[in-house]
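Contents: one structure, followed by commentary.
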Amino acid sequence: MVKPTVYGIPQSTYVRTVRLLLEEAGAEYDLKPVDIFSGETKSPEYLAKHPFGKVPTLEINGETIYETVAITPYLNTVFASDKFIPSEPLHQARMRQIMAIIDSYLYMPAIRSIFIQRVLVPSQGGQTDEEMVAGAIAPAQTAMQAIESLAVCEPYLLGNELTLADFHLIPIFVYFSATPEFETATAQTPKLRKWWSEVSQLPSVKKVCA
């Protein structure tokens, strides 16, 4: 099997999603940093791989795949014999629901609004936009509660095996849990809090998300 190359900065949540799958599959891969902050993703060379200038991008066997929702199912088939997608159709649907909630309703308030304003902006000498943070708490809570209603968390989101949904949510929790708003957003989601206490100790999580 040809070793794949993952393009993207290690700090990216979606790069981490891809890497968590590869680590759990025991697959060898190369990580090629692409600096999203210096404009490297907008270079002609990178835009030839990903026309929207985002990360991650996967190269394997002379082919390029972009968008995490396309990359992870491919890697799951090629490197993990489909073990990270449930075999039962309803569980597959729940997995995809959770992933869609993360992408459409959780990422923006939890990461773009709360984490960046509460942690990243001050670390660079800026001042937190408290109004933006306050306005993001309710949407984050709604998304958390929606995931809580679909998940079983015994111990993983959909049962006793990791799925693509876990790989999508773990990097969000890594960052979101570093903010004081995390406690408020998860106050009504005890299953997710239990899930986080379990998955945060996985060796793959400690390696990829350190």
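Naming works like this for the structure tokens: A, B, ... for the chains as they're shown, residue 1 at the start of each chain, ligands 1 onward in shown order.
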
Within 9 Å of stretch 170-185 of chain A, which residues of stretch 80-111 of chain A come that close, and what is the closest atom pair and distance in Å for each? Count only C-alpha atoms and give it as a tab-separated table.
residue	atom	partner	partner_atom	distance
A:Ile102	CA	A:Ile172	CA	8.4
A:Leu106	CA	A:Ile172	CA	8.4
A:Tyr107	CA	A:Ile172	CA	7.1
A:Ala110	CA	A:Phe176	CA	6.0
A:Ile111	CA	A:Phe176	CA	6.6

| query | If we count only C-alpha atoms, what is near A:Val34 at a cut-off of 12 Å, once residues fewer than 4 positions away on the same chain are taken out, given as a PyMOL selection string? | reply | chain A and resi 5-12+15+38-43+45-47+49-50+53-57

| Shell of 9 Å around A:Leu75, only C-alpha atoms, local chain residues under 6 positions omitted, as a ChimeraX atom specification | /A:18,21-22,25,81-82

| task | Name the residues of stretch 72-117 of chain A that fall into alpha helix (DSSP H) according to DSSP on the backbone, using the chain letters and numbers of this document, as a list in words. | result | Thr72, Pro73, Tyr74, Leu75, Asn76, Thr77, Val78, Phe79, Ala80, Pro89, Leu90, His91, Gln92, Ala93, Arg94, Met95, Arg96, Gln97, Ile98, Met99, Ala100, Ile101 and Tyr107 of chain A

Let me see the file: selected residues, N, CA and C atoms, as a PDB file, in the first residue's frame.
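Saved result, result.pdb, follows:
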ATOM      1  N   THR A  72     -12.319  10.817   4.818  1.00  0.00           N
ATOM      2  CA  THR A  72     -12.392   9.807   5.884  1.00  0.00           C
ATOM      3  C   THR A  72     -13.088   8.512   5.445  1.00  0.00           C
ATOM      4  N   PRO A  73     -14.192   8.548   4.690  1.00  0.00           N
ATOM      5  CA  PRO A  73     -14.744   7.268   4.235  1.00  0.00           C
ATOM      6  C   PRO A  73     -13.788   6.503   3.322  1.00  0.00           C
ATOM      7  N   TYR A  74     -13.053   7.242   2.499  1.00  0.00           N
ATOM      8  CA  TYR A  74     -12.076   6.584   1.621  1.00  0.00           C
ATOM      9  C   TYR A  74     -10.999   5.886   2.453  1.00  0.00           C
ATOM     10  N   LEU A  75     -10.421   6.609   3.408  1.00  0.00           N
ATOM     11  CA  LEU A  75      -9.386   6.017   4.245  1.00  0.00           C
ATOM     12  C   LEU A  75      -9.930   4.860   5.071  1.00  0.00           C
ATOM     13  N   ASN A  76     -11.155   4.990   5.521  1.00  0.00           N
ATOM     14  CA  ASN A  76     -11.772   3.921   6.297  1.00  0.00           C
ATOM     15  C   ASN A  76     -11.848   2.624   5.491  1.00  0.00           C
ATOM     16  N   THR A  77     -12.163   2.742   4.208  1.00  0.00           N
ATOM     17  CA  THR A  77     -12.240   1.555   3.353  1.00  0.00           C
ATOM     18  C   THR A  77     -10.854   1.005   3.037  1.00  0.00           C
ATOM     19  N   VAL A  78      -9.944   1.895   2.671  1.00  0.00           N
ATOM     20  CA  VAL A  78      -8.638   1.461   2.181  1.00  0.00           C
ATOM     21  C   VAL A  78      -7.740   0.943   3.304  1.00  0.00           C
ATOM     22  N   PHE A  79      -7.772   1.600   4.470  1.00  0.00           N
ATOM     23  CA  PHE A  79      -6.833   1.269   5.535  1.00  0.00           C
ATOM     24  C   PHE A  79      -7.458   0.583   6.744  1.00  0.00           C
ATOM     25  N   ALA A  80      -8.778   0.604   6.858  1.00  0.00           N
ATOM     26  CA  ALA A  80      -9.392   0.058   8.077  1.00  0.00           C
ATOM     27  C   ALA A  80     -10.502  -0.954   7.802  1.00  0.00           C
ATOM     28  N   PRO A  89     -27.767   0.072   9.253  1.00  0.00           N
ATOM     29  CA  PRO A  89     -28.151   1.295   8.530  1.00  0.00           C
ATOM     30  C   PRO A  89     -28.569   2.458   9.426  1.00  0.00           C
ATOM     31  N   LEU A  90     -29.316   2.195  10.491  1.00  0.00           N
ATOM     32  CA  LEU A  90     -29.734   3.291  11.354  1.00  0.00           C
ATOM     33  C   LEU A  90     -28.529   3.922  12.047  1.00  0.00           C
ATOM     34  N   HIS A  91     -27.582   3.104  12.471  1.00  0.00           N
ATOM     35  CA  HIS A  91     -26.388   3.642  13.113  1.00  0.00           C
ATOM     36  C   HIS A  91     -25.547   4.444  12.115  1.00  0.00           C
ATOM     37  N   GLN A  92     -25.540   4.010  10.855  1.00  0.00           N
ATOM     38  CA  GLN A  92     -24.868   4.803   9.823  1.00  0.00           C
ATOM     39  C   GLN A  92     -25.522   6.178   9.698  1.00  0.00           C
ATOM     40  N   ALA A  93     -26.839   6.191   9.712  1.00  0.00           N
ATOM     41  CA  ALA A  93     -27.569   7.453   9.602  1.00  0.00           C
ATOM     42  C   ALA A  93     -27.274   8.351  10.798  1.00  0.00           C
ATOM     43  N   ARG A  94     -27.255   7.785  11.997  1.00  0.00           N
ATOM     44  CA  ARG A  94     -26.943   8.568  13.194  1.00  0.00           C
ATOM     45  C   ARG A  94     -25.529   9.135  13.118  1.00  0.00           C
ATOM     46  N   MET A  95     -24.599   8.329  12.633  1.00  0.00           N
ATOM     47  CA  MET A  95     -23.228   8.802  12.496  1.00  0.00           C
ATOM     48  C   MET A  95     -23.174  10.013  11.572  1.00  0.00           C
ATOM     49  N   ARG A  96     -23.848   9.922  10.444  1.00  0.00           N
ATOM     50  CA  ARG A  96     -23.822  11.022   9.474  1.00  0.00           C
ATOM     51  C   ARG A  96     -24.582  12.237   9.999  1.00  0.00           C
ATOM     52  N   GLN A  97     -25.641  12.000  10.771  1.00  0.00           N
ATOM     53  CA  GLN A  97     -26.330  13.123  11.405  1.00  0.00           C
ATOM     54  C   GLN A  97     -25.396  13.886  12.338  1.00  0.00           C
ATOM     55  N   ILE A  98     -24.687  13.154  13.177  1.00  0.00           N
ATOM     56  CA  ILE A  98     -23.773  13.785  14.129  1.00  0.00           C
ATOM     57  C   ILE A  98     -22.695  14.566  13.385  1.00  0.00           C
ATOM     58  N   MET A  99     -22.138  13.981  12.340  1.00  0.00           N
ATOM     59  CA  MET A  99     -21.099  14.665  11.571  1.00  0.00           C
ATOM     60  C   MET A  99     -21.642  15.941  10.931  1.00  0.00           C
ATOM     61  N   ALA A 100     -22.865  15.874  10.435  1.00  0.00           N
ATOM     62  CA  ALA A 100     -23.475  17.051   9.812  1.00  0.00           C
ATOM     63  C   ALA A 100     -23.742  18.147  10.839  1.00  0.00           C
ATOM     64  N   ILE A 101     -24.180  17.750  12.030  1.00  0.00           N
ATOM     65  CA  ILE A 101     -24.407  18.728  13.102  1.00  0.00           C
ATOM     66  C   ILE A 101     -23.099  19.424  13.463  1.00  0.00           C
ATOM     67  N   TYR A 107     -19.280  23.683  14.776  1.00  0.00           N
ATOM     68  CA  TYR A 107     -17.947  24.223  14.516  1.00  0.00           C
ATOM     69  C   TYR A 107     -17.915  25.747  14.616  1.00  0.00           C
TER      70      TYR A 107
END

| said: Given only C-alpha atoms as the basis, pick out the residue of A:Ala210, A:Ala165, A:Ile65, A:Ala151 nearest to A:Ala48. | reply: A:Ile65

| query | atom CA of A:Met132 to atom CA of A:Gln145: how many Å, to one decimal? | reply | 20.7 Å

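The space between atom CA of A:Ile114 and atom CA of A:Val133 spans 5.0 Å.
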
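Taking atom CA of A:Gln117 and atom CA of A:Ile137 as endpoints, the distance between them is 12.4 Å.
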